[in-house]
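Have a look at the structure below before the remarks.
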Amino acid sequence: MINKTLLFERLMENVTETVFFKDLESRFIAINKSGAHKFGLENPADVIGKTDFDFFAIIHAQKAMEDEHQILLTQKPIVNIEEREVFNDENRSVKWTSTSKFPLFDETGVLIGTYGITKDITEQKQHFEAISQLKVQVESILNAVPSMIFVKDEVGKYVMANQAAKDFFNPVDGEIIGKSDIDLGFPAETAQRYLKTDRLVIETKKPAFYSDEKTLNRDGMEQWHQSIKVPFSTSEDHTQAVLSVVTDVTQRIEYEVELTDSLNVISKQNERLSNFAHIVSHNLRNHAGGISMLISLLEKSDNYVEKKELFELLSKASSRLNETIVDLNDIIDTQNKVEVDLKSIDFKDTFIGIKEVLRTEIYKNKVVIEEDIEEGLKLNYSPAYLESILLNLLSNAIKYRSRKRDPVIIVKAWKNDERILLLIKDNGRGIDLEKYGNKLFGMYKTFHNNENAKGIGLYITKNQIEALGGNIKVESKPDEGATFYVDFGKHQKNRILVPV
């Protein structure tokens with residue numbers, strides 16, 4: 001027959017956890033060897049008659065006694081409660097334990113006290129606290145990173161997201177964990193594409209890099225992102241997932257676009273300067289040659305009448321040369337500005353001002369102007385440039401009116417996304433674009449034999465529009481009028497460099 005007493009003694013001697021028995025007053029009636037060492041006692045019998053108040057600080061001893069009284073009252077055990085044991089020794093030592101306590105009955109079933117077992121979990125607790133602290137530090141770092149960092153499982157549900165990701169997705173209820181891309185407002189096609197790329201990373205177990213992808217945030221603003229995706233395994237159940245790091249590269253893309261636009265402007269300016277140099281050389285050479293020939297004839301002539309005629313011709317040649325120089329100076333003024341001040345301009349107010357300048361021409365020629373200018377339309381632009389552009393286009397529409405019908409000019413201006421657009425349509429003589437299309441915006445190009453036409457208005461207009469990042473197009477047929485389309489470009493800063 002097994003000796004139960006011997007078994008109990010062996011248990012009390014060898015179990016590393018603290019095993020204890022207490023009476024109805026929470027006084028120790030027995031403790032094992034490990035428990036005695038814990039209290040600093042060599043002999044377990046020395047604990048008999050003592051209470052937790054003899055070994056622990058009051059706050060812990062009081063709580064332990066209350067728990068034991070509750071067990072005596074209800075006769076229900078307390079299992080695996082975590083306790084912070086503060087000893088009343090000189091160092092006020094602290095240990096963390098996991099304790100279970102049970103009601104103690106005698107052989108007849110009478111309640112005589114409590115008993116329990118306490119396991120030291122100090123090392124595990126310190127390890128857990130270190131991990132928790134590290135987790136807090138890592139989360140702080142992740143939330144401070146401007147890039148979006150998030151983890152999605154194999155079915156596309158978010159299991160982790162830093163603050164940047166939460167700010168970007170900005171869910172209505174403020175919660176992102178457990179949701180899919182569709183839940184967060186992405187179109188089904190986009191969400192399916194994201195899920196497909198994530199699953200590819202999981203299946204291949206290889207990182208993937210996605211460069212310069214355009215997305216829209218919840219406000220509908222266009223943004224560009226760069227993504228790195230790597231295989232990831234969650235710590236709880238080792239579920240396969242994908243860790244994504246998404247960086248906003250919108251500013252870089254915008255700088256690249258601005259740089260490309262600037263290079264295009266520089267290229268066009270270089271082309272215009274080359275043409276300009278050719279025109280200067282050609283026109284001035286012609287004027288100089290004519291004047292030189294007239295002077296040569298004057299030197300040879302002795303006839304008064306002939307000399308008078310030659311002087312008149314020389315005077316006209318000189319005037320034409322002066323006009324050419326003035327025209328070329330106007331063009332230089334347009335092209336050689338290094339920096340242009342931009343201001344917020346009310347489009348309608350500017351257009352009204354231009355009509356005032358042309359009031360006499362409009363009245364004299366019975367011009368009907370139909371306006372459709374968006375209310376409150378404003379643009380950041382050079383006031384001088386805008387006035388020049390409108391004046392040139394409107395005066396041309398009047399100048400090249402048809403003699404077969406009363407002139408009607410349609411002017412429409414509106415905002416489309418971030419761009420300001422202008423349409424000026426007339427019912428005038430029109431232009432044969434098949435014949436003159438590639439020369440329309442050239443210098444000194446005229447097409448209707450008007451006496452006062454110089455052929456530099458559209459040239460200057462095109463230069464001004466393109467210098468500030470816009471463009472101009474025309475549609476026209478002979479005797480069917482012309483329609484000019486102006487795109488003033490995206491919203492500009494307060495000052496803009498115009499390459500020379």
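Letters A, B, ... go to the chains of the structure tokens in the order shown; residues in each chain start at 1; ligands are counted from 1 in the same order.
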
**Item:** Near-region 249-262 of chain A list (9 Å; only C-alpha atoms; drop same-chain fewer than 6 positions) as an NGL selection string
**Value:** :A and (212 or 214 or 222-226 or 469 or 498-499)

**Pro171 (chain A) environment, 10 Å, only C-alpha atoms, sequence neighbours closer than 3 positions dropped, as an NGL selection string** = :A and (166-168 or 174-176 or 179 or 183-185 or 218)

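The coordinates place CA of Phe488 (chain A) at 9.6 Å from CA of Leu386 (chain A).
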
**Message:** Set the distance at 8 Å and use only C-alpha atoms: which residues neighbour region 98-103 of chain A once local chain neighbours fewer than 2 positions away are removed? I'd like the list as an NGL selection string.
**Reply:** :A and (68 or 71-72 or 75-83 or 96 or 105 or 111 or 113-121)

Include N, CA and C atoms and write out the residues we just selected as a PDB file, in the first residue's frame.
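out38.pdb, written as the output of this step:
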ATOM      1  N   GLU A  68      -8.301  35.022   0.588  1.00  0.00           N
ATOM      2  CA  GLU A  68      -8.518  33.785   1.347  1.00  0.00           C
ATOM      3  C   GLU A  68      -9.854  33.814   2.097  1.00  0.00           C
ATOM      4  N   ILE A  71     -12.481  32.965  -0.383  1.00  0.00           N
ATOM      5  CA  ILE A  71     -12.533  31.520  -0.649  1.00  0.00           C
ATOM      6  C   ILE A  71     -13.271  30.801   0.475  1.00  0.00           C
ATOM      7  N   LEU A  72     -12.980  31.183   1.731  1.00  0.00           N
ATOM      8  CA  LEU A  72     -13.664  30.567   2.878  1.00  0.00           C
ATOM      9  C   LEU A  72     -15.156  30.851   2.845  1.00  0.00           C
ATOM     10  N   GLN A  75     -16.283  29.144  -0.761  1.00  0.00           N
ATOM     11  CA  GLN A  75     -15.760  27.789  -0.978  1.00  0.00           C
ATOM     12  C   GLN A  75     -15.434  27.538  -2.459  1.00  0.00           C
ATOM     13  N   LYS A  76     -15.071  28.640  -3.158  1.00  0.00           N
ATOM     14  CA  LYS A  76     -14.677  28.538  -4.563  1.00  0.00           C
ATOM     15  C   LYS A  76     -13.208  28.946  -4.686  1.00  0.00           C
ATOM     16  N   PRO A  77     -12.442  28.224  -5.474  1.00  0.00           N
ATOM     17  CA  PRO A  77     -11.009  28.509  -5.612  1.00  0.00           C
ATOM     18  C   PRO A  77     -10.739  29.765  -6.450  1.00  0.00           C
ATOM     19  N   ILE A  78      -9.554  30.291  -6.315  1.00  0.00           N
ATOM     20  CA  ILE A  78      -9.032  31.352  -7.191  1.00  0.00           C
ATOM     21  C   ILE A  78      -7.836  30.754  -7.914  1.00  0.00           C
ATOM     22  N   VAL A  79      -7.877  30.766  -9.243  1.00  0.00           N
ATOM     23  CA  VAL A  79      -6.877  30.038 -10.022  1.00  0.00           C
ATOM     24  C   VAL A  79      -6.040  31.010 -10.877  1.00  0.00           C
ATOM     25  N   ASN A  80      -4.716  30.812 -10.794  1.00  0.00           N
ATOM     26  CA  ASN A  80      -3.757  31.534 -11.652  1.00  0.00           C
ATOM     27  C   ASN A  80      -3.932  33.051 -11.625  1.00  0.00           C
ATOM     28  N   ILE A  81      -3.993  33.609 -10.431  1.00  0.00           N
ATOM     29  CA  ILE A  81      -4.026  35.068 -10.342  1.00  0.00           C
ATOM     30  C   ILE A  81      -2.588  35.585 -10.293  1.00  0.00           C
ATOM     31  N   GLU A  82      -2.367  36.698 -11.029  1.00  0.00           N
ATOM     32  CA  GLU A  82      -1.027  37.284 -11.066  1.00  0.00           C
ATOM     33  C   GLU A  82      -0.880  38.250  -9.891  1.00  0.00           C
ATOM     34  N   GLU A  83       0.189  38.068  -9.101  1.00  0.00           N
ATOM     35  CA  GLU A  83       0.385  38.883  -7.914  1.00  0.00           C
ATOM     36  C   GLU A  83       1.767  39.534  -7.922  1.00  0.00           C
ATOM     37  N   TRP A  96       7.178  38.628  -8.893  1.00  0.00           N
ATOM     38  CA  TRP A  96       5.888  38.430  -9.549  1.00  0.00           C
ATOM     39  C   TRP A  96       5.566  36.940  -9.503  1.00  0.00           C
ATOM     40  N   PHE A 105     -10.418  21.240   3.326  1.00  0.00           N
ATOM     41  CA  PHE A 105     -11.381  20.504   4.153  1.00  0.00           C
ATOM     42  C   PHE A 105     -10.655  19.378   4.888  1.00  0.00           C
ATOM     43  N   LEU A 111     -14.688  22.574   6.660  1.00  0.00           N
ATOM     44  CA  LEU A 111     -13.765  23.597   6.145  1.00  0.00           C
ATOM     45  C   LEU A 111     -12.841  24.036   7.260  1.00  0.00           C
ATOM     46  N   GLY A 113      -9.627  25.723   6.426  1.00  0.00           N
ATOM     47  CA  GLY A 113      -8.668  26.738   5.987  1.00  0.00           C
ATOM     48  C   GLY A 113      -8.528  26.790   4.476  1.00  0.00           C
ATOM     49  N   THR A 114      -7.340  27.163   4.032  1.00  0.00           N
ATOM     50  CA  THR A 114      -7.052  27.254   2.595  1.00  0.00           C
ATOM     51  C   THR A 114      -5.674  26.682   2.319  1.00  0.00           C
ATOM     52  N   TYR A 115      -5.457  26.342   1.091  1.00  0.00           N
ATOM     53  CA  TYR A 115      -4.115  25.928   0.667  1.00  0.00           C
ATOM     54  C   TYR A 115      -3.912  26.426  -0.773  1.00  0.00           C
ATOM     55  N   GLY A 116      -2.636  26.445  -1.183  1.00  0.00           N
ATOM     56  CA  GLY A 116      -2.371  26.929  -2.532  1.00  0.00           C
ATOM     57  C   GLY A 116      -0.955  26.659  -2.995  1.00  0.00           C
ATOM     58  N   ILE A 117      -0.716  27.084  -4.230  1.00  0.00           N
ATOM     59  CA  ILE A 117       0.610  26.923  -4.833  1.00  0.00           C
ATOM     60  C   ILE A 117       0.954  28.207  -5.579  1.00  0.00           C
ATOM     61  N   THR A 118       2.178  28.671  -5.387  1.00  0.00           N
ATOM     62  CA  THR A 118       2.618  29.932  -5.997  1.00  0.00           C
ATOM     63  C   THR A 118       3.851  29.672  -6.857  1.00  0.00           C
ATOM     64  N   LYS A 119       3.761  30.112  -8.123  1.00  0.00           N
ATOM     65  CA  LYS A 119       4.884  29.939  -9.051  1.00  0.00           C
ATOM     66  C   LYS A 119       5.538  31.289  -9.315  1.00  0.00           C
ATOM     67  N   ASP A 120       6.858  31.342  -9.204  1.00  0.00           N
ATOM     68  CA  ASP A 120       7.604  32.577  -9.451  1.00  0.00           C
ATOM     69  C   ASP A 120       7.665  32.834 -10.968  1.00  0.00           C
ATOM     70  N   ILE A 121       7.086  33.951 -11.387  1.00  0.00           N
ATOM     71  CA  ILE A 121       7.103  34.304 -12.829  1.00  0.00           C
ATOM     72  C   ILE A 121       7.826  35.644 -13.042  1.00  0.00           C
TER      73      ILE A 121
END

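With only C-alpha atoms as the atoms that count, the residue of A:Ser140, A:Asn471, A:Ser292, A:Thr483 with the shortest distance to Leu313 (chain A) is A:Ser292.
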
**Message:** Between A:Lys415, A:Lys152, A:Lys22, A:Lys4, which residue has the minimum interatomic distance to Leu104 (chain A), considering only C-alpha atoms?
**Reply:** A:Lys22
